[in-house]
Each structure stands twice: as C-alpha cells, then as structure tokens.
Amino acid sequence: QAAEPQIISGAHDSTVRLWDLAAGKSRATLTNHKKSVRALAIHPKEYSFVSASPDNIKKWKCPDGEFMQNLSGHNTIIQAMAVNEDGVLVSGGDNGTLHFWDWKTGHCFQQQMTIAQPGSLDSEHGIYATCFDRSGARLITG
C-alpha cells in the first residue's frame with residue numbers, strides 16, 4: 001500500500017517481521033510458526049499475505065500481521081509460494097509437490113507432483129521458485 005510502505009520478511013528463527021519503511025524499524029514480529037519461514041506471498045489485490053514453514057501455511061492481515069487462518073496439509077518444507085488475482089495460491093515443496101489453494105476458504109483443491117528427469121536424484125525435483133505470468137493464468141516454477 002502506498003500509504004503505508006512496508007516490507008515483510010521471513011527468517012530461519014521461525015519469525016515473520018513486518019517492517020515500516022517510513023519509520024525505519026520493525027512494526028511487528030510474528031512468532032506463530034514453529035519452524036523456519038522459507039516462503040512468503042502477498043495477495044495482489046487484498047491487503048493480506050501468507051507465510052510458510054514445514055508446520056503449515058499461515059494467512060495474515062496487513063499492516064499489523066493479524067492472524068487470519070492456517071492452511072494445513074502440504075506436509076513438506078515449502079520453499080515457494082505465489083498467488084494470483086483470482087485468489088489461487090500455489091505452494092511448492094522441496095519434495096516436488098505443488099498444492100493449489102483457494103485464498104478465501106483455505107481449501108486445497110488440487111495437488112501435483114513433479115517428475116524427476118531420468119538419471120537425476122529424487123532431491124533434484126523440488127520446487128524452489130513459483131510465479132504467475134501477467135495474465136495470472138500460467139504458473140511458472142523452477
């Protein structure tokens with residue numbers, strides 16, 4: 001939001017910090033995760049975001065980090081997330097799984113598994129980056 005410029009960061013100490021750019025300091029520290037926070041995604045239209053760690057995905061309201069809901073069921077280390085304007089959240093795990101969630105309800109409506117290339121190790125088919133294209137219809141993973 002232009003009125004309240006903010007940066008959101010996740011850390012290996014299991015915290016999410018909301019930084020106030022105008023004041024130059026941390027506005028809030030969220031300590032709800034039990035394990036390291038490895039992925040964040042901000043909704044392009046709503047004033048909310050999600051954070052992910054191996055315990056679950058948590059949805060928060062900006063600017064103060066009010067807890068909204070847990071999204072449970074992606075039982076792996078989530079390395080990447082992306083959300084489009086239609087309210088589709090995608091989480092990608094280090095085991096090669098993709099879960100597709102409804103932003104409003106938190107319901108996981110689809111699961112996919114990547115296929116490792118022949119001759120590669122199982123550990124090489126993890127999802128470490130996700131984003132939607134500008135149309136919001138195509139998902140790009142890496």
# chains A, B, ... in the order shown; residues from 1 in each chain; ligands from 1
$ closest_atom_pairs --of "range 6-44 of chain A" --to "range 97-110 of chain A" --cutoff "12 Å" --atoms "only C-alpha atoms" --output "CSV"
residue,atom,partner,partner_atom,distance
A:Ala41,CA,A:Trp103,CA,11.3
A:Ile42,CA,A:Trp103,CA,11.1
A:His43,CA,A:Trp103,CA,8.8
A:Pro44,CA,A:Trp103,CA,11.6
$ residues_around --residues "range 80-94 of chain A" --least-positions-apart "5" --cutoff "9 Å" --atoms "only C-alpha atoms" --output "VMD selection string"
chain A and resid 38 to 46 50 to 52 57 74 to 75 99 to 104 106 123 to 133 135 to 137 139 141
$ residues_around --residues "range 14-19 of chain A" --least-positions-apart "2" --cutoff "6 Å" --atoms "only C-alpha atoms" --output "PyMOL selection string"
chain A and resi 6-12+25-31+33-37
$ write_last_selection --atoms "N, CA, C and O atoms" --output "PDB file, in the first residue's frame"
ATOM      1  N   GLN A   6       5.742  -0.903   3.276  1.00  0.00           N
ATOM      2  CA  GLN A   6       6.108  -1.966   4.203  1.00  0.00           C
ATOM      3  C   GLN A   6       6.884  -3.061   3.485  1.00  0.00           C
ATOM      4  O   GLN A   6       6.652  -3.328   2.305  1.00  0.00           O
ATOM      5  N   ILE A   7       7.801  -3.694   4.203  1.00  0.00           N
ATOM      6  CA  ILE A   7       8.500  -4.887   3.727  1.00  0.00           C
ATOM      7  C   ILE A   7       8.172  -6.004   4.702  1.00  0.00           C
ATOM      8  O   ILE A   7       8.109  -5.787   5.911  1.00  0.00           O
ATOM      9  N   ILE A   8       7.981  -7.203   4.172  1.00  0.00           N
ATOM     10  CA  ILE A   8       7.691  -8.372   5.007  1.00  0.00           C
ATOM     11  C   ILE A   8       8.821  -9.363   4.790  1.00  0.00           C
ATOM     12  O   ILE A   8       9.181  -9.662   3.651  1.00  0.00           O
ATOM     13  N   SER A   9       9.386  -9.884   5.887  1.00  0.00           N
ATOM     14  CA  SER A   9      10.491 -10.845   5.772  1.00  0.00           C
ATOM     15  C   SER A   9      10.216 -12.064   6.642  1.00  0.00           C
ATOM     16  O   SER A   9       9.612 -11.963   7.705  1.00  0.00           O
ATOM     17  N   GLY A  10      10.673 -13.211   6.171  1.00  0.00           N
ATOM     18  CA  GLY A  10      10.601 -14.459   6.932  1.00  0.00           C
ATOM     19  C   GLY A  10      12.011 -14.903   7.264  1.00  0.00           C
ATOM     20  O   GLY A  10      12.949 -14.601   6.517  1.00  0.00           O
ATOM     21  N   ALA A  11      12.173 -15.624   8.384  1.00  0.00           N
ATOM     22  CA  ALA A  11      13.526 -15.971   8.821  1.00  0.00           C
ATOM     23  C   ALA A  11      13.615 -17.394   9.343  1.00  0.00           C
ATOM     24  O   ALA A  11      12.606 -18.026   9.654  1.00  0.00           O
ATOM     25  N   HIS A  12      14.844 -17.884   9.458  1.00  0.00           N
ATOM     26  CA  HIS A  12      15.095 -19.224   9.981  1.00  0.00           C
ATOM     27  C   HIS A  12      14.861 -19.317  11.484  1.00  0.00           C
ATOM     28  O   HIS A  12      14.826 -20.406  12.038  1.00  0.00           O
ATOM     29  N   LYS A  25      11.901   0.988  11.026  1.00  0.00           N
ATOM     30  CA  LYS A  25      12.030  -0.023  12.078  1.00  0.00           C
ATOM     31  C   LYS A  25      10.972  -1.108  11.904  1.00  0.00           C
ATOM     32  O   LYS A  25      10.047  -0.984  11.106  1.00  0.00           O
ATOM     33  N   SER A  26      11.126  -2.156  12.690  1.00  0.00           N
ATOM     34  CA  SER A  26      10.177  -3.265  12.655  1.00  0.00           C
ATOM     35  C   SER A  26       8.866  -2.833  13.297  1.00  0.00           C
ATOM     36  O   SER A  26       8.843  -2.300  14.395  1.00  0.00           O
ATOM     37  N   ARG A  27       7.766  -3.077  12.594  1.00  0.00           N
ATOM     38  CA  ARG A  27       6.439  -2.727  13.104  1.00  0.00           C
ATOM     39  C   ARG A  27       5.859  -3.850  13.951  1.00  0.00           C
ATOM     40  O   ARG A  27       5.173  -3.617  14.927  1.00  0.00           O
ATOM     41  N   ALA A  28       6.136  -5.094  13.532  1.00  0.00           N
ATOM     42  CA  ALA A  28       5.622  -6.255  14.260  1.00  0.00           C
ATOM     43  C   ALA A  28       6.520  -7.456  14.001  1.00  0.00           C
ATOM     44  O   ALA A  28       7.118  -7.579  12.932  1.00  0.00           O
ATOM     45  N   THR A  29       6.590  -8.348  14.982  1.00  0.00           N
ATOM     46  CA  THR A  29       7.284  -9.626  14.836  1.00  0.00           C
ATOM     47  C   THR A  29       6.285 -10.722  15.158  1.00  0.00           C
ATOM     48  O   THR A  29       5.738 -10.772  16.256  1.00  0.00           O
ATOM     49  N   LEU A  30       6.022 -11.581  14.179  1.00  0.00           N
ATOM     50  CA  LEU A  30       5.048 -12.665  14.319  1.00  0.00           C
ATOM     51  C   LEU A  30       5.789 -13.942  14.663  1.00  0.00           C
ATOM     52  O   LEU A  30       6.697 -14.342  13.944  1.00  0.00           O
ATOM     53  N   THR A  31       5.408 -14.581  15.749  1.00  0.00           N
ATOM     54  CA  THR A  31       6.134 -15.754  16.253  1.00  0.00           C
ATOM     55  C   THR A  31       5.276 -17.012  16.233  1.00  0.00           C
ATOM     56  O   THR A  31       5.509 -17.932  17.006  1.00  0.00           O
ATOM     57  N   HIS A  33       4.929 -19.399  13.877  1.00  0.00           N
ATOM     58  CA  HIS A  33       5.487 -20.605  13.250  1.00  0.00           C
ATOM     59  C   HIS A  33       6.399 -21.336  14.233  1.00  0.00           C
ATOM     60  O   HIS A  33       7.046 -20.720  15.072  1.00  0.00           O
ATOM     61  N   LYS A  34       6.457 -22.669  14.085  1.00  0.00           N
ATOM     62  CA  LYS A  34       7.322 -23.485  14.933  1.00  0.00           C
ATOM     63  C   LYS A  34       8.672 -23.775  14.275  1.00  0.00           C
ATOM     64  O   LYS A  34       9.619 -24.159  14.932  1.00  0.00           O
ATOM     65  N   LYS A  35       8.724 -23.630  12.944  1.00  0.00           N
ATOM     66  CA  LYS A  35       9.952 -23.913  12.191  1.00  0.00           C
ATOM     67  C   LYS A  35      10.256 -22.735  11.274  1.00  0.00           C
ATOM     68  O   LYS A  35       9.466 -21.815  11.143  1.00  0.00           O
ATOM     69  N   SER A  36      11.402 -22.791  10.602  1.00  0.00           N
ATOM     70  CA  SER A  36      11.855 -21.651   9.797  1.00  0.00           C
ATOM     71  C   SER A  36      10.867 -21.285   8.690  1.00  0.00           C
ATOM     72  O   SER A  36      10.268 -22.149   8.059  1.00  0.00           O
ATOM     73  N   VAL A  37      10.725 -19.993   8.470  1.00  0.00           N
ATOM     74  CA  VAL A  37       9.819 -19.462   7.446  1.00  0.00           C
ATOM     75  C   VAL A  37      10.622 -19.311   6.163  1.00  0.00           C
ATOM     76  O   VAL A  37      11.564 -18.526   6.099  1.00  0.00           O
TER      77      VAL A  37
END
$ closest_residue --among "A:Leu71, A:Ala23, A:Cys62, A:Leu121" --to "Asn95 in chain A" --atoms "only C-alpha atoms"
A:Leu121
$ atom_distance --atom1 "CA of Ile115 in chain A" --atom2 "CA of Asp55 in chain A"
24.5 Å
$ select_by_dssp --residues "range 91-142 of chain A" --states "helix (DSSP H, G or I)" --output "VMD selection string"
chain A and resid 122 to 125
$ write_last_selection --atoms "N, CA and C atoms" --output "PDB file, in the first residue's frame"
ATOM      1  N   ASP A 122      16.283 -37.956  -6.612  1.00  0.00           N
ATOM      2  CA  ASP A 122      14.955 -37.537  -6.156  1.00  0.00           C
ATOM      3  C   ASP A 122      14.984 -36.137  -5.560  1.00  0.00           C
ATOM      4  N   SER A 123      16.082 -35.769  -4.921  1.00  0.00           N
ATOM      5  CA  SER A 123      16.183 -34.459  -4.285  1.00  0.00           C
ATOM      6  C   SER A 123      16.271 -33.318  -5.297  1.00  0.00           C
ATOM      7  N   GLU A 124      16.440 -33.639  -6.556  1.00  0.00           N
ATOM      8  CA  GLU A 124      16.579 -32.615  -7.588  1.00  0.00           C
ATOM      9  C   GLU A 124      15.260 -32.211  -8.228  1.00  0.00           C
ATOM     10  N   HIS A 125      14.135 -32.729  -7.762  1.00  0.00           N
ATOM     11  CA  HIS A 125      12.871 -32.335  -8.370  1.00  0.00           C
ATOM     12  C   HIS A 125      12.032 -31.436  -7.458  1.00  0.00           C
TER      13      HIS A 125
END
$ select_by_dssp --residues "range 2-131 of chain A" --states "strand (DSSP E)" --output "ChimeraX atom specification"
/A:6-10,16-20,25-30,39-42,48-52,57-61,66-71,78-83,88-93,97-102,108-113,130-131
$ write_last_selection --atoms "C-alpha atoms" --output "JSON list (two decimals), in the first residue's frame"
[["chain", "number", "residue", "atom", "x", "y", "z"],
["A", 6, "GLN", "CA", 6.11, -1.97, 4.20],
["A", 7, "ILE", "CA", 8.50, -4.89, 3.73],
["A", 8, "ILE", "CA", 7.69, -8.37, 5.01],
["A", 9, "SER", "CA", 10.49, -10.85, 5.77],
["A", 10, "GLY", "CA", 10.60, -14.46, 6.93],
["A", 16, "VAL", "CA", 7.92, -13.09, 10.25],
["A", 17, "ARG", "CA", 8.74, -9.39, 10.54],
["A", 18, "LEU", "CA", 6.71, -6.51, 9.17],
["A", 19, "TRP", "CA", 8.99, -3.53, 8.56],
["A", 20, "ASP", "CA", 7.75, 0.05, 8.48],
["A", 25, "LYS", "CA", 12.03, -0.02, 12.08],
["A", 26, "SER", "CA", 10.18, -3.26, 12.66],
["A", 27, "ARG", "CA", 6.44, -2.73, 13.10],
["A", 28, "ALA", "CA", 5.62, -6.26, 14.26],
["A", 29, "THR", "CA", 7.28, -9.63, 14.84],
["A", 30, "LEU", "CA", 5.05, -12.66, 14.32],
["A", 39, "ALA", "CA", 8.32, -18.59, 1.70],
["A", 40, "LEU", "CA", 6.04, -15.55, 1.61],
["A", 41, "ALA", "CA", 3.41, -14.37, -0.86],
["A", 42, "ILE", "CA", 1.39, -11.14, -0.92],
["A", 48, "SER", "CA", -3.02, -9.68, 3.23],
["A", 49, "PHE", "CA", -0.19, -12.19, 2.86],
["A", 50, "VAL", "CA", 0.81, -15.78, 3.64],
["A", 51, "SER", "CA", 3.92, -17.26, 5.23],
["A", 52, "ALA", "CA", 5.03, -20.88, 5.01],
["A", 57, "ILE", "CA", 0.91, -22.01, 5.85],
["A", 58, "LYS", "CA", -0.46, -19.05, 7.78],
["A", 59, "LYS", "CA", -2.55, -16.20, 6.40],
["A", 60, "TRP", "CA", -2.16, -12.69, 7.86],
["A", 61, "LYS", "CA", -3.80, -9.28, 7.54],
["A", 66, "GLU", "CA", -3.34, -10.03, 12.42],
["A", 67, "PHE", "CA", -3.60, -13.84, 12.17],
["A", 68, "MET", "CA", -6.43, -14.93, 9.84],
["A", 69, "GLN", "CA", -6.16, -18.71, 9.31],
["A", 70, "ASN", "CA", -3.99, -21.82, 8.92],
["A", 71, "LEU", "CA", -3.76, -23.72, 5.66],
["A", 78, "ILE", "CA", 7.55, -25.27, 1.46],
["A", 79, "GLN", "CA", 10.15, -23.34, -0.49],
["A", 80, "ALA", "CA", 7.99, -21.12, -2.73],
["A", 81, "MET", "CA", 4.52, -19.63, -2.99],
["A", 82, "ALA", "CA", 2.61, -17.43, -5.43],
["A", 83, "VAL", "CA", -0.92, -16.05, -5.56],
["A", 88, "VAL", "CA", -5.40, -19.09, -6.35],
["A", 89, "LEU", "CA", -2.48, -19.70, -4.01],
["A", 90, "VAL", "CA", 0.21, -22.19, -5.04],
["A", 91, "SER", "CA", 2.73, -23.68, -2.63],
["A", 92, "GLY", "CA", 5.77, -25.59, -3.87],
["A", 93, "GLY", "CA", 7.73, -28.04, -1.75],
["A", 97, "THR", "CA", 4.82, -31.30, -4.76],
["A", 98, "LEU", "CA", 2.58, -28.39, -5.72],
["A", 99, "HIS", "CA", -0.60, -27.63, -3.80],
["A", 100, "PHE", "CA", -3.28, -25.28, -5.11],
["A", 101, "TRP", "CA", -5.38, -23.45, -2.51],
["A", 102, "ASP", "CA", -8.46, -21.25, -2.55],
["A", 108, "CYS", "CA", -6.62, -27.27, -1.06],
["A", 109, "PHE", "CA", -8.41, -28.10, -4.31],
["A", 110, "GLN", "CA", -5.58, -29.70, -6.31],
["A", 111, "GLN", "CA", -2.21, -31.39, -5.83],
["A", 112, "GLN", "CA", 0.50, -32.08, -8.39],
["A", 113, "MET", "CA", 3.83, -33.89, -8.27],
["A", 130, "THR", "CA", 6.96, -20.02, -8.35],
["A", 131, "CYS", "CA", 5.23, -17.10, -10.02]]
$ atom_distance --atom1 "CA of Asp64 in chain A" --atom2 "CA of Glu4 in chain A"
10.8 Å
$ decode --residues "range 73-98 of chain A" --atoms "N, CA and C atoms" --output "CSV table (one decimal), in the first residue's frame"
chain,number,residue,atom,x,y,z
A,73,GLY,N,-1.8,-29.1,5.4
A,73,GLY,CA,-1.9,-30.3,4.5
A,73,GLY,C,-0.8,-30.4,3.6
A,74,HIS,N,0.0,-29.4,3.4
A,74,HIS,CA,1.2,-29.5,2.5
A,74,HIS,C,2.4,-29.9,3.4
A,75,ASN,N,2.5,-31.2,3.6
A,75,ASN,CA,3.4,-31.7,4.6
A,75,ASN,C,4.8,-31.9,4.1
A,76,THR,N,5.5,-30.8,3.9
A,76,THR,CA,6.9,-30.8,3.4
A,76,THR,C,7.5,-29.5,3.7
A,77,ILE,N,8.7,-29.3,3.4
A,77,ILE,CA,9.3,-27.9,3.5
A,77,ILE,C,8.9,-27.1,2.3
A,78,ILE,N,8.1,-26.1,2.5
A,78,ILE,CA,7.5,-25.3,1.5
A,78,ILE,C,8.6,-24.2,1.2
A,79,GLN,N,9.1,-24.2,-0.1
A,79,GLN,CA,10.1,-23.3,-0.5
A,79,GLN,C,9.7,-22.1,-1.3
A,80,ALA,N,8.5,-22.2,-1.8
A,80,ALA,CA,8.0,-21.1,-2.7
A,80,ALA,C,6.5,-21.0,-2.7
A,81,MET,N,6.0,-19.8,-2.9
A,81,MET,CA,4.5,-19.6,-3.0
A,81,MET,C,4.3,-18.5,-4.0
A,82,ALA,N,3.1,-18.5,-4.6
A,82,ALA,CA,2.6,-17.4,-5.4
A,82,ALA,C,1.1,-17.4,-5.4
A,83,VAL,N,0.5,-16.2,-5.5
A,83,VAL,CA,-0.9,-16.0,-5.6
A,83,VAL,C,-1.3,-15.1,-6.7
A,84,ASN,N,-2.4,-15.4,-7.4
A,84,ASN,CA,-2.8,-14.6,-8.5
A,84,ASN,C,-4.1,-13.8,-8.1
A,85,GLU,N,-4.5,-12.9,-9.0
A,85,GLU,CA,-5.7,-12.0,-8.7
A,85,GLU,C,-7.0,-12.8,-8.5
A,86,ASP,N,-7.1,-14.0,-9.0
A,86,ASP,CA,-8.3,-14.8,-8.9
A,86,ASP,C,-8.3,-15.5,-7.5
A,87,GLY,N,-7.3,-15.3,-6.7
A,87,GLY,CA,-7.3,-16.0,-5.4
A,87,GLY,C,-6.9,-17.4,-5.4
A,88,VAL,N,-6.0,-17.8,-6.3
A,88,VAL,CA,-5.4,-19.1,-6.3
A,88,VAL,C,-4.0,-19.0,-5.8
A,89,LEU,N,-3.8,-19.7,-4.7
A,89,LEU,CA,-2.5,-19.7,-4.0
A,89,LEU,C,-1.8,-21.0,-4.4
A,90,VAL,N,-0.6,-21.0,-4.7
A,90,VAL,CA,0.2,-22.2,-5.0
A,90,VAL,C,1.4,-22.3,-4.1
A,91,SER,N,1.6,-23.4,-3.5
A,91,SER,CA,2.7,-23.7,-2.6
A,91,SER,C,3.5,-24.8,-3.2
A,92,GLY,N,4.9,-24.6,-3.3
A,92,GLY,CA,5.8,-25.6,-3.9
A,92,GLY,C,6.7,-26.1,-2.8
A,93,GLY,N,6.9,-27.4,-2.8
A,93,GLY,CA,7.7,-28.0,-1.7
A,93,GLY,C,9.0,-28.6,-2.3
A,94,ASP,N,9.9,-28.9,-1.3
A,94,ASP,CA,11.2,-29.4,-1.7
A,94,ASP,C,11.2,-30.9,-2.1
A,95,ASN,N,10.0,-31.5,-2.0
A,95,ASN,CA,9.8,-32.9,-2.4
A,95,ASN,C,9.2,-33.0,-3.8
A,96,GLY,N,9.0,-31.8,-4.5
A,96,GLY,CA,8.4,-31.8,-5.8
A,96,GLY,C,6.9,-31.7,-5.9
A,97,THR,N,6.3,-31.4,-4.8
A,97,THR,CA,4.8,-31.3,-4.8
A,97,THR,C,4.4,-29.8,-4.9
A,98,LEU,N,3.3,-29.7,-5.6
A,98,LEU,CA,2.6,-28.4,-5.7
A,98,LEU,C,1.2,-28.6,-5.2
